[in-house]
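Next up, target26.txt (compact mmCIF, C-alpha atoms):
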# COMPACT_ATOMS: atom_id res chain seq x y z
CA MET S 1 13.77 -0.06 24.71
CA SER S 2 16.14 -2.19 26.80
CA GLU S 3 19.89 -1.91 26.47
CA PRO S 4 21.39 -4.97 24.74
CA TYR S 5 24.87 -4.42 26.15
CA PRO S 6 24.75 -3.45 29.82
CA HIS S 7 28.11 -2.31 31.08
CA ILE S 8 30.37 -4.97 32.53
CA ASP S 9 32.39 -3.65 35.42
CA ARG S 10 34.17 -6.84 36.36
CA TRP S 11 34.43 -10.46 35.33
CA ILE S 12 34.18 -13.56 37.47
CA LEU S 13 36.49 -16.05 35.88
CA PRO S 14 36.69 -19.57 37.27
CA ARG S 15 40.12 -21.11 37.38
CA ALA S 16 38.45 -24.12 35.76
CA ALA S 17 37.63 -21.99 32.71
CA LEU S 18 41.25 -20.94 32.37
CA SER S 19 42.63 -24.46 32.68
CA ALA S 20 39.94 -25.98 30.42
CA THR S 21 40.62 -23.32 27.81
CA LEU S 22 44.32 -24.17 27.84
CA THR S 23 43.69 -27.89 27.60
CA GLY S 24 41.17 -27.42 24.81
CA VAL S 25 43.25 -25.13 22.62
CA GLN S 26 46.40 -27.21 23.08
CA LYS S 27 44.54 -30.31 21.98
CA GLU S 28 42.79 -28.63 19.05
CA GLY S 29 45.77 -26.66 17.79
CA GLN S 30 48.46 -29.31 18.27
CA SER S 31 51.01 -26.45 18.11
CA VAL S 32 50.65 -26.29 14.33
CA ARG S 33 47.52 -24.18 13.93
CA GLU S 34 45.67 -21.58 15.95
CA ALA S 35 42.79 -22.69 18.13
CA GLY S 36 40.28 -20.96 20.34
CA ALA S 37 37.28 -20.95 22.59
CA LEU S 38 34.16 -18.93 23.30
CA TRP S 39 33.49 -17.78 26.84
CA LEU S 40 29.85 -17.41 27.75
CA GLY S 41 27.83 -16.43 30.78
CA PRO S 42 25.05 -14.16 31.95
CA ARG S 43 25.88 -10.60 30.97
CA ASN S 44 25.63 -8.55 34.15
CA ASN S 45 27.57 -5.76 35.82
CA ALA S 46 29.62 -8.58 37.32
CA ALA S 47 29.73 -11.08 34.48
CA GLY S 48 30.54 -14.66 35.35
CA ILE S 49 31.95 -17.01 32.77
CA THR S 50 29.94 -20.17 33.20
CA SER S 51 30.52 -22.00 29.91
CA VAL S 52 33.44 -22.59 27.59
CA VAL S 53 32.63 -23.69 24.05
CA PHE S 54 35.30 -25.06 21.73
CA PRO S 55 34.59 -24.58 18.03
CA THR S 56 35.62 -27.66 16.05
CA ALA S 57 35.41 -29.42 12.70
CA ASN S 58 33.33 -27.62 10.06
CA GLY S 59 32.52 -24.79 12.45
CA VAL S 60 35.95 -23.27 12.39
CA LYS S 61 38.69 -22.43 9.95
CA ALA S 62 42.07 -22.78 11.59
CA THR S 63 45.52 -22.46 10.09
CA ALA S 64 48.93 -21.44 11.41
CA GLY S 65 47.99 -17.79 10.95
CA GLN S 66 44.27 -17.54 11.55
CA TRP S 67 41.35 -18.85 13.54
CA LYS S 68 37.86 -18.06 12.34
CA VAL S 69 34.53 -19.28 13.61
CA SER S 70 31.82 -19.85 11.02
CA PRO S 71 28.52 -17.99 11.25
CA GLU S 72 26.74 -21.33 11.24
CA LEU S 73 28.53 -22.28 14.45
CA PHE S 74 27.59 -18.96 16.02
CA GLY S 75 23.99 -19.81 15.10
CA VAL S 76 24.25 -23.22 16.77
CA VAL S 77 25.73 -21.67 19.91
CA THR S 78 23.11 -18.91 19.93
CA ARG S 79 20.24 -21.43 19.82
CA TRP S 80 21.78 -23.32 22.73
CA ALA S 81 22.86 -20.33 24.83
CA LYS S 82 19.99 -17.88 24.64
CA PRO S 83 17.29 -20.02 26.30
CA GLN S 84 19.68 -20.27 29.25
CA GLY S 85 20.27 -16.55 29.44
CA LEU S 86 23.87 -16.82 28.30
CA SER S 87 25.70 -14.27 26.18
CA LEU S 88 29.04 -14.29 24.47
CA LEU S 89 31.43 -12.56 26.88
CA GLY S 90 34.76 -13.29 25.28
CA VAL S 91 36.56 -14.87 22.37
CA VAL S 92 39.89 -16.54 23.07
CA HIS S 93 42.39 -17.73 20.49
CA THR S 94 46.01 -18.79 20.35
CA HIS S 95 49.06 -17.52 18.54
CA LEU S 96 51.73 -20.02 17.69
CA HIS S 97 55.23 -20.14 19.16
CA GLY S 98 57.20 -17.01 18.43
CA VAL S 99 54.15 -14.88 17.66
CA PRO S 100 53.43 -12.36 20.42
CA PRO S 101 50.03 -12.65 22.12
CA ARG S 102 48.79 -9.38 20.72
CA LEU S 103 45.58 -8.71 18.89
CA SER S 104 46.63 -8.16 15.29
CA ARG S 105 44.84 -5.80 12.98
CA ALA S 106 43.17 -8.76 11.32
CA ASP S 107 42.15 -10.11 14.73
CA ARG S 108 40.60 -6.76 15.64
CA GLN S 109 38.64 -6.55 12.43
CA TYR S 110 37.54 -10.14 12.58
CA SER S 111 36.53 -10.17 16.24
CA VAL S 112 33.05 -9.51 17.51
CA GLN S 113 32.72 -5.79 18.11
CA VAL S 114 30.25 -4.97 20.86
CA PRO S 115 30.83 -2.99 24.06
CA ASP S 116 32.73 -4.73 26.84
CA ILE S 117 33.38 -7.96 24.99
CA LEU S 118 36.76 -9.56 25.65
CA ALA S 119 39.29 -10.75 23.10
CA VAL S 120 42.02 -12.84 24.63
CA VAL S 121 45.16 -14.10 22.92
CA ILE S 122 47.14 -16.99 24.40
CA GLY S 123 50.73 -17.23 23.27
CA GLU S 124 52.96 -20.24 22.70
CA ALA S 125 50.21 -22.14 20.90
CA GLY S 126 48.22 -22.32 24.10
CA HIS S 127 51.17 -23.42 26.24
CA GLU S 128 51.57 -20.09 28.04
CA LEU S 129 50.17 -21.21 31.36
CA ASP S 130 50.15 -17.89 33.21
CA TYR S 131 47.00 -16.03 32.21
CA ARG S 132 48.64 -12.74 33.20
CA ASN S 133 50.97 -13.21 30.24
CA TRP S 134 48.11 -13.59 27.80
CA GLY S 135 46.94 -10.65 25.73
CA TRP S 136 43.73 -9.26 27.25
CA TYR S 137 41.70 -6.82 25.18
CA LEU S 138 38.43 -5.06 25.84
CA TYR S 139 36.18 -3.56 23.20
CA GLU S 140 35.03 -0.09 24.21
CA LYS S 141 34.46 3.20 22.42
CA ASN S 142 34.49 1.39 19.08
CA ALA S 143 37.92 -0.13 19.46
CA TYR S 144 39.81 -2.84 21.24
CA ARG S 145 42.27 -1.71 23.88
CA GLN S 146 44.71 -3.84 25.80
CA LEU S 147 44.03 -4.28 29.49
CA PRO S 148 47.11 -3.56 31.59
CA THR S 149 47.97 -6.05 34.33
CA GLN S 150 46.84 -3.63 37.02
CA GLU S 151 43.39 -3.37 35.50
CA LEU S 152 43.27 -7.11 34.96
CA THR S 153 43.93 -7.66 38.64
CA LYS S 154 41.32 -5.12 39.63
CA ARG S 155 38.52 -6.16 37.31
CA PHE S 156 38.91 -9.95 37.20
CA GLU S 157 38.06 -12.20 40.09
CA ILE S 158 39.51 -15.69 39.75
CA THR S 159 37.25 -18.18 41.52
CA SER S 160 37.02 -21.90 42.14
CA GLN S 161 33.61 -22.35 40.50
CA ASN S 162 32.95 -25.07 37.97
CA VAL S 163 32.21 -24.41 34.32
CA ASP S 164 30.19 -26.13 31.65
CA LEU S 165 32.40 -27.39 28.82
CA ARG S 166 31.06 -27.88 25.30
CA CYS S 167 32.29 -28.36 21.79
CA ALA S 168 30.38 -27.19 18.77
CA ASP S 169 30.53 -27.43 15.02
CA ALA S 170 28.36 -25.95 12.30
CA ASP S 171 25.58 -28.41 13.03
CA THR S 172 25.46 -29.21 16.71
CA ILE S 173 26.75 -28.48 20.19
CA ARG S 174 27.45 -31.14 22.77
CA GLU S 175 28.83 -31.52 26.24
CA LEU S 176 32.53 -32.19 26.30
CA ASP S 177 33.53 -35.48 27.82
CA PRO S 178 35.62 -34.85 30.92
CA GLU S 179 39.06 -36.39 30.61
CA MET R 1 -17.07 -17.06 41.09
CA ASP R 2 -14.30 -17.49 38.59
CA LEU R 3 -12.52 -14.15 38.72
CA GLN R 4 -10.43 -14.86 35.67
CA THR R 5 -13.46 -15.71 33.55
CA SER R 6 -15.24 -12.65 34.85
CA GLN R 7 -12.37 -10.41 33.86
CA GLN R 8 -12.09 -12.01 30.49
CA GLU R 9 -15.78 -11.47 29.88
CA LYS R 10 -15.27 -7.75 30.34
CA GLN R 11 -12.61 -7.69 27.65
CA PRO R 12 -13.92 -6.87 24.18
CA LEU R 13 -13.32 -9.63 21.73
CA PRO R 14 -10.61 -8.75 19.24
CA GLN R 15 -11.88 -7.52 15.94
CA ALA R 16 -10.25 -8.37 12.67
CA ALA R 17 -8.33 -5.13 12.65
CA ASP R 18 -7.06 -5.86 16.15
CA THR R 19 -5.67 -9.25 15.28
CA PRO R 20 -2.24 -9.46 16.86
CA ASP R 21 0.65 -8.93 14.51
CA ASP R 22 3.47 -11.41 14.22
CA LYS R 23 5.52 -11.20 17.38
CA ILE R 24 9.13 -11.46 16.33
CA THR R 25 12.10 -12.12 18.55
CA VAL R 26 15.68 -11.82 17.33
CA ASP R 27 18.58 -13.08 19.42
CA TYR R 28 22.20 -11.98 19.01
CA LEU R 29 24.79 -14.00 20.91
CA PRO R 30 26.81 -11.15 22.48
CA ALA R 31 23.73 -9.22 23.64
CA SER R 32 21.99 -9.66 26.95
CA GLN R 33 18.53 -8.82 25.63
CA PRO R 34 16.71 -10.00 22.52
CA PHE R 35 15.03 -7.69 20.06
CA HIS R 36 11.23 -7.92 20.30
CA HIS R 37 8.78 -6.32 17.92
CA SER R 38 5.35 -6.96 16.47
CA TYR R 39 4.99 -6.79 12.71
CA GLU R 40 2.18 -7.21 10.29
CA GLY R 41 2.47 -10.26 8.09
CA SER R 42 3.26 -8.05 5.13
CA ALA R 43 6.51 -6.86 6.73
CA THR R 44 9.57 -8.11 4.89
CA LEU R 45 12.56 -9.89 6.36
CA SER R 46 14.60 -6.90 5.26
CA THR R 47 12.61 -4.73 7.67
CA VAL R 48 13.10 -7.18 10.52
CA ARG R 49 16.82 -7.45 9.82
CA THR R 50 17.26 -3.68 9.65
CA ASP R 51 15.34 -3.09 12.88
CA ALA R 52 17.19 -5.84 14.71
CA MET R 53 20.56 -4.55 13.56
CA ALA R 54 19.65 -1.07 14.77
CA PHE R 55 18.64 -2.47 18.14
CA PHE R 56 21.92 -4.37 18.46
CA HIS R 57 23.97 -1.39 17.21
CA VAL R 58 25.57 -3.36 14.39
CA SER R 59 25.79 -2.66 10.70
CA ASP R 60 27.03 -4.18 7.51
CA HIS R 61 30.38 -2.66 6.77
CA LYS R 62 33.64 -3.18 4.99
CA ASP R 63 37.14 -2.80 6.37
CA ARG R 64 39.74 -5.19 5.11
CA ASP R 65 36.96 -7.78 5.24
CA THR R 66 33.28 -7.55 4.40
CA HIS R 67 30.96 -7.81 7.41
CA GLN R 68 27.34 -8.72 6.77
CA PHE R 69 24.62 -9.67 9.16
CA PHE R 70 21.94 -12.15 8.29
CA LEU R 71 18.90 -13.64 9.91
CA GLU R 72 18.81 -17.30 10.70
CA PHE R 73 15.58 -19.19 11.20
CA GLN R 74 15.42 -22.77 12.45
CA GLY R 75 19.06 -23.26 11.57
CA ARG R 76 18.60 -21.92 8.05
CA ARG R 77 20.18 -18.76 6.71
CA LEU R 78 17.55 -16.48 5.23
CA THR R 79 18.67 -14.95 1.97
CA ASN R 80 15.49 -13.62 0.36
CA MET R 81 15.06 -10.36 2.22
CA ALA R 82 12.02 -9.46 0.11
CA GLU R 83 10.09 -12.38 1.57
CA THR R 84 7.32 -11.35 3.95
CA LEU R 85 6.74 -12.80 7.37
CA GLU R 86 3.49 -14.29 6.16
CA GLN R 87 5.25 -15.96 3.26
CA LEU R 88 7.89 -17.37 5.57
CA LEU R 89 5.70 -18.33 8.48
CA GLY R 90 2.38 -19.06 6.81
CA PRO R 91 -0.94 -17.31 7.41
CA HIS R 92 -1.66 -18.74 10.84
CA ARG R 93 1.59 -18.45 12.69
CA ARG R 94 1.69 -15.47 14.99
CA GLY R 95 5.30 -15.36 16.06
CA ALA R 96 8.79 -16.53 15.37
CA LYS R 97 12.29 -16.46 16.74
CA PHE R 98 15.29 -15.56 14.62
CA ASN R 99 19.01 -15.31 15.29
CA LEU R 100 21.19 -12.51 14.00
CA VAL R 101 24.57 -13.80 12.87
CA GLU R 102 27.57 -12.06 11.36
CA GLN R 103 29.21 -13.29 8.21
CA ILE R 104 32.73 -12.03 7.63
CA THR R 105 34.13 -12.53 4.18
CA PRO R 106 37.89 -12.12 4.11
CA GLY R 107 39.10 -9.42 1.81
CA ALA R 108 42.73 -10.41 2.10
CA THR R 109 44.88 -13.05 3.66
CA THR R 110 45.07 -12.58 7.38
CA ALA R 111 48.22 -12.70 9.43
Please, can you express the file's structure as structure tokens?
Amino acid sequence: MSEPYPHIDRWILPRAALSATLTGVQKEGQSVREAGALWLGPRNNAAGITSVVFPTANGVKATAGQWKVSPELFGVVTRWAKPQGLSLLGVVHTHLHGVPPRLSRADRQYSVQVPDILAVVIGEAGHELDYRNWGWYLYEKNAYRQLPTQELTKRFEITSQNVDLRCADADTIRELDPE
Amino acid sequence: MDLQTSQQEKQPLPQAADTPDDKITVDYLPASQPFHHSYEGSATLSTVRTDAMAFFHVSDHKDRDTHQFFLEFQGRRLTNMAETLEQLLGPHRRGAKFNLVEQITPGATTA
């Protein structure tokens, strides 16, 4: 039987994914509610993030203190992603101003829990521009652990590749209009 | 000579008992591989769900929230786990693709 979660040793993260994520969560959250994005790509030993999907409308429940993606939206994204060989590699969400970018207990329990998946928290309602100041967490050995900066530097390669940008709700997924 | 036809002619025709079972695929978004298995039409959705969850190393559980996994078929959440594949797919269909999706029901207000 094949292994559904091959180990990820390092991540290839386009700068475009970082900047698009910031733009998307700032726009969606408007500094008054949390917002987030799903990072997808082929799951390999070196896993490249090739798509960023922004959950919107009836596919997400967002308030000042929580951001939750509906199972229906995950179904929509699954039907779109799997024929292309894409897997969910990371879930990113914001914390509002004054709330540290740490994965809370609720975040940990609510996040997807499979080996080597990333949970990333952007502080300042998505206005913290330096990704090294975000909270980076990796799920391994049945728990999330924070990635120290040294490990982040070692295991993440920031590239200049392009990414596919999408938004999704509980019914459909569509390409995001470039602005 | 048509080699393919020749080889096919050497294959015994399937008998009723050898009729292929329903080939089921279940995708789960975080996983790199889908779950594949062949079932008889009398297999229930509960069996498929249980096997797929075992393959993906996930389980229904409760912490502060309640985590439940369900099968989705053609965009529809399947709730009757006693339904058989034949009942769902009809007598002639020989395969189907499902998605495994997690439903988290909050047990308390999150912070």
Need to verify the contact set: S:Ala125, 8 Å, only C-alpha atoms, exclusion of same-chain residues closer than 5 positions in sequence. Can you return it as a ChimeraX atom specification? /S:25-26,29-35,94-97
Residue neighbourhood stretch 33-49 of chain R, 7 Å, all atoms listed in the file, exclusion window fewer than 2 positions, as a PDB file with C-alpha atoms, in the frame of the given file:
ATOM      1  CA  PRO S   4      21.390  -4.970  24.740  1.00  0.00           C
TER       2      PRO S   4
ATOM      3  CA  ASP R  21       0.650  -8.930  14.510  1.00  0.00           C
ATOM      4  CA  ASP R  22       3.470 -11.410  14.220  1.00  0.00           C
ATOM      5  CA  LYS R  23       5.520 -11.200  17.380  1.00  0.00           C
ATOM      6  CA  ILE R  24       9.130 -11.460  16.330  1.00  0.00           C
ATOM      7  CA  THR R  25      12.100 -12.120  18.550  1.00  0.00           C
ATOM      8  CA  VAL R  26      15.680 -11.820  17.330  1.00  0.00           C
ATOM      9  CA  ASP R  27      18.580 -13.080  19.420  1.00  0.00           C
ATOM     10  CA  TYR R  28      22.200 -11.980  19.010  1.00  0.00           C
ATOM     11  CA  ALA R  31      23.730  -9.220  23.640  1.00  0.00           C
ATOM     12  CA  ASP R  51      15.340  -3.090  12.880  1.00  0.00           C
ATOM     13  CA  ALA R  52      17.190  -5.840  14.710  1.00  0.00           C
ATOM     14  CA  MET R  53      20.560  -4.550  13.560  1.00  0.00           C
ATOM     15  CA  PHE R  55      18.640  -2.470  18.140  1.00  0.00           C
ATOM     16  CA  LEU R  71      18.900 -13.640   9.910  1.00  0.00           C
ATOM     17  CA  MET R  81      15.060 -10.360   2.220  1.00  0.00           C
ATOM     18  CA  ALA R  82      12.020  -9.460   0.110  1.00  0.00           C
ATOM     19  CA  GLU R  83      10.090 -12.380   1.570  1.00  0.00           C
ATOM     20  CA  THR R  84       7.320 -11.350   3.950  1.00  0.00           C
ATOM     21  CA  LEU R  85       6.740 -12.800   7.370  1.00  0.00           C
ATOM     22  CA  GLU R  86       3.490 -14.290   6.160  1.00  0.00           C
TER      23      GLU R  86
END
Proximal residues of chain R relative to chain S (all atoms listed in the file; 7 Å) as JSON, numbers by chain: {"R": [29, 30, 31, 32, 33, 56, 75, 99, 101, 102, 103, 110, 111]}
For atom CA of S:Ile173 and atom CA of S:Asn58, quote the distance in Å rounded to one decimal.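 We find that atom CA of S:Ile173 and atom CA of S:Asn58 lie 12.1 Å from each other.
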Atom pair atom CA of S:Phe54 + atom CA of S:Ala119, distance 14.9 Å
Could you tell me how far atom CA of S:Asn45 lies from atom CA of S:Asp9, in Å and to one decimal?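 Computed distance, atom CA of S:Asn45 to atom CA of S:Asp9, equals 5.3 Å.
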